[in-house]
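Right, one structure below, let's go through it.
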Amino acid sequence: MKLFDNTEVAFTLKSDSQLERAYFLFKMIQNQPMVRIGTAVTNFALKAHLPVEGLIRSTVFDHFCGGVTEDDCLPVIDKMFDEGKVHSVLDYSVEGKEEEASFDDALDKILKIIDFCDEKEAIPYAVFKPTGFGRITLYQKLSEGKTLTTEEQEEWNRVVARFHKVCKAALQKDIPLLIDAEESWMQKAADELIEELMEIYNKEKAIVFNTLQMYRHDRMDYLKDLHQKAYQKDFYIGIKVVRGAYMEKERLRAEEKGYPSPICKDKNATDINYDTAIKYMMEHPKMALFAGTHNEESSYLVMELAKKYGIKENDKRLWFGQLYGMSDHISFNLANQGYNVAKYLPFGPVRDVMPYLIRRAEENTSVAGQTSRELNLLKTERKRRKL
């Protein structure tokens, strides 16, 4: 039996009723028209302030999220760590805010999470999105090389100050910090800022991590370029490598605005790009890798490379990551072999987390084979338990 086929280990934390609910949920997600209709109805219901939050909570929210607050997440975090040896990354998944107050609020949240990480071995990383700390249009303007107005420059200075405050706290408490990637049209400004932070805070080891979405065909060149800078300026590189989360949006925008799409031509090209980045990082010292993947072949590749380069399973420079509610067969079986594994555990008010949940549902529908793989594993485990 291949490692990831062991459903007993994969679903060890799920009760029979949780197993049934997961099966029902993925069965629904498999139906593309239903996901579209469900999304539209949910958005309408929330905008019209209809009382649907309870229904959302008991279905998609509870499956893909840890809770409304950090404290809500604690039972989930403790259970995964104590019983399944799987860590958690608390992800405050509130998106698309535009006000200074909400950016300051996000900053306070991340600082609180860094304290949480300091206290709990089960939470090894803190994470945030660049747009959690500033408006996307500001990043976009800088990425396009446009000059900011005096007012915008002051606003950007506040964004930079938020980044520094979080990085200082992370360095002080020795907690690595994952900074998520977002849309390509705002990413250049984020990349440049994160490079400056790496130069300052990654002198001894990787504290600040950037994220590379490998469905972008330019990211391998970016990684090599970053490596050159790190070599010249003598700092460590921390990278979370993922395939990517905004594919439909990226292609649509490129088409509408008439520029070449930044996305690889097909799934196979993305897979090759992803694995090339993994290989490149594993063969160079002074790099720390967080391999965010739901792909079994890439996971096997990381394990092979770790053996090849003599990197121990529990080496803190190597982590695997999956999203909560997905790919338990990868997470729990890897952890069972002694590897460092962390689940991204989103939390936040139901209404605010909806964009994240909708993206998860759409992603599961559009990634060929993702949902049917989940369903087959759940089916296998149901059958095993009946026997």
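Letters for chains follow the order of the structure tokens (A, B, ...), residue numbers begin at 1 for each chain, and ligand numbers begin at 1 in the order shown.
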
Per-residue nearest contacts stretch 107-170 of chain A to stretch 84-96 of chain A, cut-off 12 Å, using only C-alpha atoms, as JSON lines:
```
{"residue": "A:Leu107", "atom": "CA", "partner": "A:Tyr92", "partner_atom": "CA", "distance": 10.5}
{"residue": "A:Asp108", "atom": "CA", "partner": "A:Tyr92", "partner_atom": "CA", "distance": 11.1}
{"residue": "A:Lys109", "atom": "CA", "partner": "A:Tyr92", "partner_atom": "CA", "distance": 7.7}
{"residue": "A:Ile110", "atom": "CA", "partner": "A:Tyr92", "partner_atom": "CA", "distance": 8.0}
{"residue": "A:Leu111", "atom": "CA", "partner": "A:Tyr92", "partner_atom": "CA", "distance": 11.6}
{"residue": "A:Lys112", "atom": "CA", "partner": "A:Leu90", "partner_atom": "CA", "distance": 10.7}
{"residue": "A:Ile113", "atom": "CA", "partner": "A:Leu90", "partner_atom": "CA", "distance": 7.2}
{"residue": "A:Ile114", "atom": "CA", "partner": "A:Leu90", "partner_atom": "CA", "distance": 9.7}
{"residue": "A:Asp115", "atom": "CA", "partner": "A:Leu90", "partner_atom": "CA", "distance": 11.8}
{"residue": "A:Phe116", "atom": "CA", "partner": "A:Leu90", "partner_atom": "CA", "distance": 9.4}
{"residue": "A:Cys117", "atom": "CA", "partner": "A:Val89", "partner_atom": "CA", "distance": 8.9}
{"residue": "A:Lys120", "atom": "CA", "partner": "A:His87", "partner_atom": "CA", "distance": 9.9}
{"residue": "A:Glu121", "atom": "CA", "partner": "A:His87", "partner_atom": "CA", "distance": 8.1}
{"residue": "A:Ala122", "atom": "CA", "partner": "A:His87", "partner_atom": "CA", "distance": 4.8}
{"residue": "A:Ile123", "atom": "CA", "partner": "A:Ser88", "partner_atom": "CA", "distance": 5.1}
{"residue": "A:Pro124", "atom": "CA", "partner": "A:Val89", "partner_atom": "CA", "distance": 6.9}
{"residue": "A:Tyr125", "atom": "CA", "partner": "A:Val89", "partner_atom": "CA", "distance": 5.7}
{"residue": "A:Ala126", "atom": "CA", "partner": "A:Val89", "partner_atom": "CA", "distance": 6.3}
{"residue": "A:Val127", "atom": "CA", "partner": "A:Asp91", "partner_atom": "CA", "distance": 6.1}
{"residue": "A:Phe128", "atom": "CA", "partner": "A:Asp91", "partner_atom": "CA", "distance": 6.9}
{"residue": "A:Lys129", "atom": "CA", "partner": "A:Glu95", "partner_atom": "CA", "distance": 8.6}
{"residue": "A:Pro130", "atom": "CA", "partner": "A:Glu95", "partner_atom": "CA", "distance": 10.3}
{"residue": "A:Thr131", "atom": "CA", "partner": "A:Gly96", "partner_atom": "CA", "distance": 7.3}
{"residue": "A:Gly132", "atom": "CA", "partner": "A:Glu95", "partner_atom": "CA", "distance": 7.0}
{"residue": "A:Phe133", "atom": "CA", "partner": "A:Glu95", "partner_atom": "CA", "distance": 10.5}
{"residue": "A:Gly134", "atom": "CA", "partner": "A:Gly96", "partner_atom": "CA", "distance": 9.8}
{"residue": "A:Arg135", "atom": "CA", "partner": "A:Gly96", "partner_atom": "CA", "distance": 8.2}
{"residue": "A:Ile136", "atom": "CA", "partner": "A:Gly96", "partner_atom": "CA", "distance": 8.2}
{"residue": "A:Thr137", "atom": "CA", "partner": "A:Gly96", "partner_atom": "CA", "distance": 11.0}
```

Can I get the selection written as a compact mmCIF listing (two decimals), in the first residue's frame, with N, CA and C atoms?
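Ended up saving to part-v5.txt:
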```
# COMPACT_ATOMS: atom_id res chain seq x y z
N LEU A 107 -3.22 43.77 12.08
CA LEU A 107 -1.90 43.82 12.70
C LEU A 107 -1.95 43.30 14.14
N ASP A 108 -2.93 43.78 14.90
CA ASP A 108 -3.09 43.32 16.29
C ASP A 108 -3.33 41.81 16.35
N LYS A 109 -4.14 41.32 15.41
CA LYS A 109 -4.44 39.88 15.33
C LYS A 109 -3.15 39.08 15.13
N ILE A 110 -2.32 39.53 14.17
CA ILE A 110 -1.10 38.78 13.86
C ILE A 110 -0.12 38.82 15.04
N LEU A 111 -0.04 39.97 15.70
CA LEU A 111 0.84 40.07 16.88
C LEU A 111 0.36 39.12 17.98
N LYS A 112 -0.96 39.02 18.12
CA LYS A 112 -1.53 38.11 19.11
C LYS A 112 -1.22 36.65 18.73
N ILE A 113 -1.29 36.36 17.44
CA ILE A 113 -1.00 35.00 16.98
C ILE A 113 0.48 34.66 17.20
N ILE A 114 1.38 35.64 17.03
CA ILE A 114 2.81 35.40 17.30
C ILE A 114 2.99 35.03 18.78
N ASP A 115 2.27 35.70 19.66
CA ASP A 115 2.31 35.34 21.09
C ASP A 115 1.80 33.91 21.30
N PHE A 116 0.72 33.58 20.59
CA PHE A 116 0.13 32.24 20.64
C PHE A 116 1.17 31.19 20.24
N CYS A 117 1.88 31.47 19.13
CA CYS A 117 2.91 30.55 18.62
C CYS A 117 4.01 30.35 19.66
N LYS A 120 2.54 27.97 22.27
CA LYS A 120 2.09 26.63 21.88
C LYS A 120 2.97 26.00 20.81
N GLU A 121 3.53 24.86 21.12
CA GLU A 121 4.36 24.12 20.18
C GLU A 121 3.55 23.71 18.94
N ALA A 122 2.24 23.55 19.13
CA ALA A 122 1.36 23.10 18.04
C ALA A 122 1.19 24.14 16.94
N ILE A 123 1.59 25.42 17.22
CA ILE A 123 1.46 26.48 16.21
C ILE A 123 2.86 27.00 15.88
N PRO A 124 3.50 26.44 14.82
CA PRO A 124 4.90 26.77 14.56
C PRO A 124 5.13 28.05 13.76
N TYR A 125 4.13 28.50 13.02
CA TYR A 125 4.27 29.66 12.12
C TYR A 125 3.14 30.65 12.35
N ALA A 126 3.43 31.94 12.04
CA ALA A 126 2.36 32.93 11.91
C ALA A 126 2.23 33.26 10.43
N VAL A 127 1.07 33.76 10.01
CA VAL A 127 0.86 34.04 8.59
C VAL A 127 -0.04 35.26 8.40
N PHE A 128 0.20 36.01 7.32
CA PHE A 128 -0.74 37.08 6.96
C PHE A 128 -0.65 37.36 5.47
N LYS A 129 -1.66 38.07 4.97
CA LYS A 129 -1.69 38.47 3.55
C LYS A 129 -1.25 39.92 3.45
N PRO A 130 -0.48 40.29 2.42
CA PRO A 130 -0.10 41.69 2.26
C PRO A 130 -1.29 42.65 2.28
N THR A 131 -2.41 42.24 1.65
CA THR A 131 -3.59 43.13 1.62
C THR A 131 -4.33 43.16 2.96
N GLY A 132 -3.86 42.36 3.91
CA GLY A 132 -4.39 42.49 5.27
C GLY A 132 -3.86 43.76 5.93
N PHE A 133 -2.72 44.27 5.39
CA PHE A 133 -2.05 45.44 5.98
C PHE A 133 -2.16 46.71 5.14
N GLY A 134 -2.77 46.61 3.95
CA GLY A 134 -2.85 47.79 3.09
C GLY A 134 -3.74 47.54 1.87
N ARG A 135 -4.18 48.62 1.23
CA ARG A 135 -5.09 48.50 0.09
C ARG A 135 -4.40 47.89 -1.13
N ILE A 136 -5.13 47.04 -1.81
CA ILE A 136 -4.58 46.38 -3.00
C ILE A 136 -4.20 47.40 -4.08
N THR A 137 -4.99 48.49 -4.20
CA THR A 137 -4.71 49.49 -5.25
C THR A 137 -3.37 50.20 -5.01
```

*When distances are computed from only C-alpha atoms, which of A:Tyr246, A:Phe4, A:Phe235, A:Phe103 shows the smallest separation from A:Val160?*
A:Phe103

*A:Lys168: which residues within 12 Å, counting only C-alpha atoms, same-chain residues fewer than 6 positions away excluded, as a PyMOL selection string?*
chain A and resi 111+114+161-162+174-177+197-198+200-202+207-208

Please write the residues from the selection above to a file, keeping C-alpha atoms, as a PDB file, in the first residue's frame.
```
ATOM      1  CA  LEU A 111       0.838  40.070  16.885  1.00  0.00           C
ATOM      2  CA  ILE A 114       2.808  35.396  17.300  1.00  0.00           C
ATOM      3  CA  ALA A 161       5.582  50.049   9.402  1.00  0.00           C
ATOM      4  CA  ARG A 162       2.996  47.283   9.991  1.00  0.00           C
ATOM      5  CA  ASP A 174      11.910  33.207  16.984  1.00  0.00           C
ATOM      6  CA  ILE A 175       8.636  32.499  15.151  1.00  0.00           C
ATOM      7  CA  PRO A 176       8.865  32.131  11.358  1.00  0.00           C
ATOM      8  CA  LEU A 177       6.421  34.295   9.433  1.00  0.00           C
ATOM      9  CA  LEU A 197      12.568  42.429   5.213  1.00  0.00           C
ATOM     10  CA  MET A 198      14.504  39.208   4.495  1.00  0.00           C
ATOM     11  CA  ILE A 200      17.083  42.718   7.713  1.00  0.00           C
ATOM     12  CA  TYR A 201      15.449  39.844   9.629  1.00  0.00           C
ATOM     13  CA  ASN A 202      16.911  36.706   7.994  1.00  0.00           C
ATOM     14  CA  ILE A 207      12.247  34.163   9.783  1.00  0.00           C
ATOM     15  CA  VAL A 208      10.477  35.993   6.939  1.00  0.00           C
TER      16      VAL A 208
END
```

_Neighbour list for A:Val60 as a ChimeraX atom specification, cut-off 12 Å, only C-alpha atoms, skip fewer than 5 positions in-chain_ = /A:21-26,28-29,35,38-39,42,53-55,65-67,324-326,350,353-354,356-361

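Residues lying within 6 Å of A:Met214, counting only C-alpha atoms and ignoring same-chain neighbours fewer than 6 positions away, are Arg243, Asn273 and Tyr274 of chain A.
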
*Report as number ranges by chain: the residues of stretch 15-149 of chain A with a DSSP assignment of alpha helix (DSSP H), based on the backbone of this structure.*
A: 16-29, 32-47, 53-56, 62-64, 70-84, 100-119, 136-143

*In Å, with one decimal, what is the gap from atom CA of A:Leu223 to atom CA of A:Ala335?*
28.0 Å

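Reported to one decimal place, the separation of atom CA of A:Tyr344 from atom CA of A:Phe64 is 9.5 Å.
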
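Minimum distance to A:Ala206 across A:Pro51, A:Pro262, A:Gly238, A:Pro355 (counting only C-alpha atoms) occurs at A:Gly238.
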
With a cut-off of 7 Å, could you pull out the residues of stretch 304-367 of chain A touching stretch 291-299 of chain A and give me the nearest pair of atoms for each, distance in Å to one decimal, using only C-alpha atoms, ordered by chain and ascending number, as CSV?
```
residue,atom,partner,partner_atom,distance
A:Trp319,CA,A:Ala291,CA,6.1
A:Phe320,CA,A:Ala291,CA,4.8
A:Gly321,CA,A:Gly292,CA,4.5
A:Gln322,CA,A:Gly292,CA,5.9
A:Ser327,CA,A:His294,CA,6.0
```

Write a file of the selected residues as a CSV table (one decimal), in the first residue's frame, keeping N, CA and C atoms.
```csv
chain,number,residue,atom,x,y,z
A,319,TRP,N,9.1,22.0,5.9
A,319,TRP,CA,7.7,21.7,6.4
A,319,TRP,C,6.8,21.4,5.2
A,320,PHE,N,5.8,20.6,5.4
A,320,PHE,CA,4.8,20.4,4.5
A,320,PHE,C,3.5,21.1,5.0
A,321,GLY,N,2.7,21.6,4.1
A,321,GLY,CA,1.5,22.3,4.5
A,321,GLY,C,0.3,22.0,3.6
A,322,GLN,N,-0.8,21.8,4.2
A,322,GLN,CA,-2.1,21.6,3.5
A,322,GLN,C,-3.2,22.4,4.2
A,327,SER,N,-7.1,17.1,1.9
A,327,SER,CA,-5.9,16.3,1.8
A,327,SER,C,-5.4,15.7,3.1
```
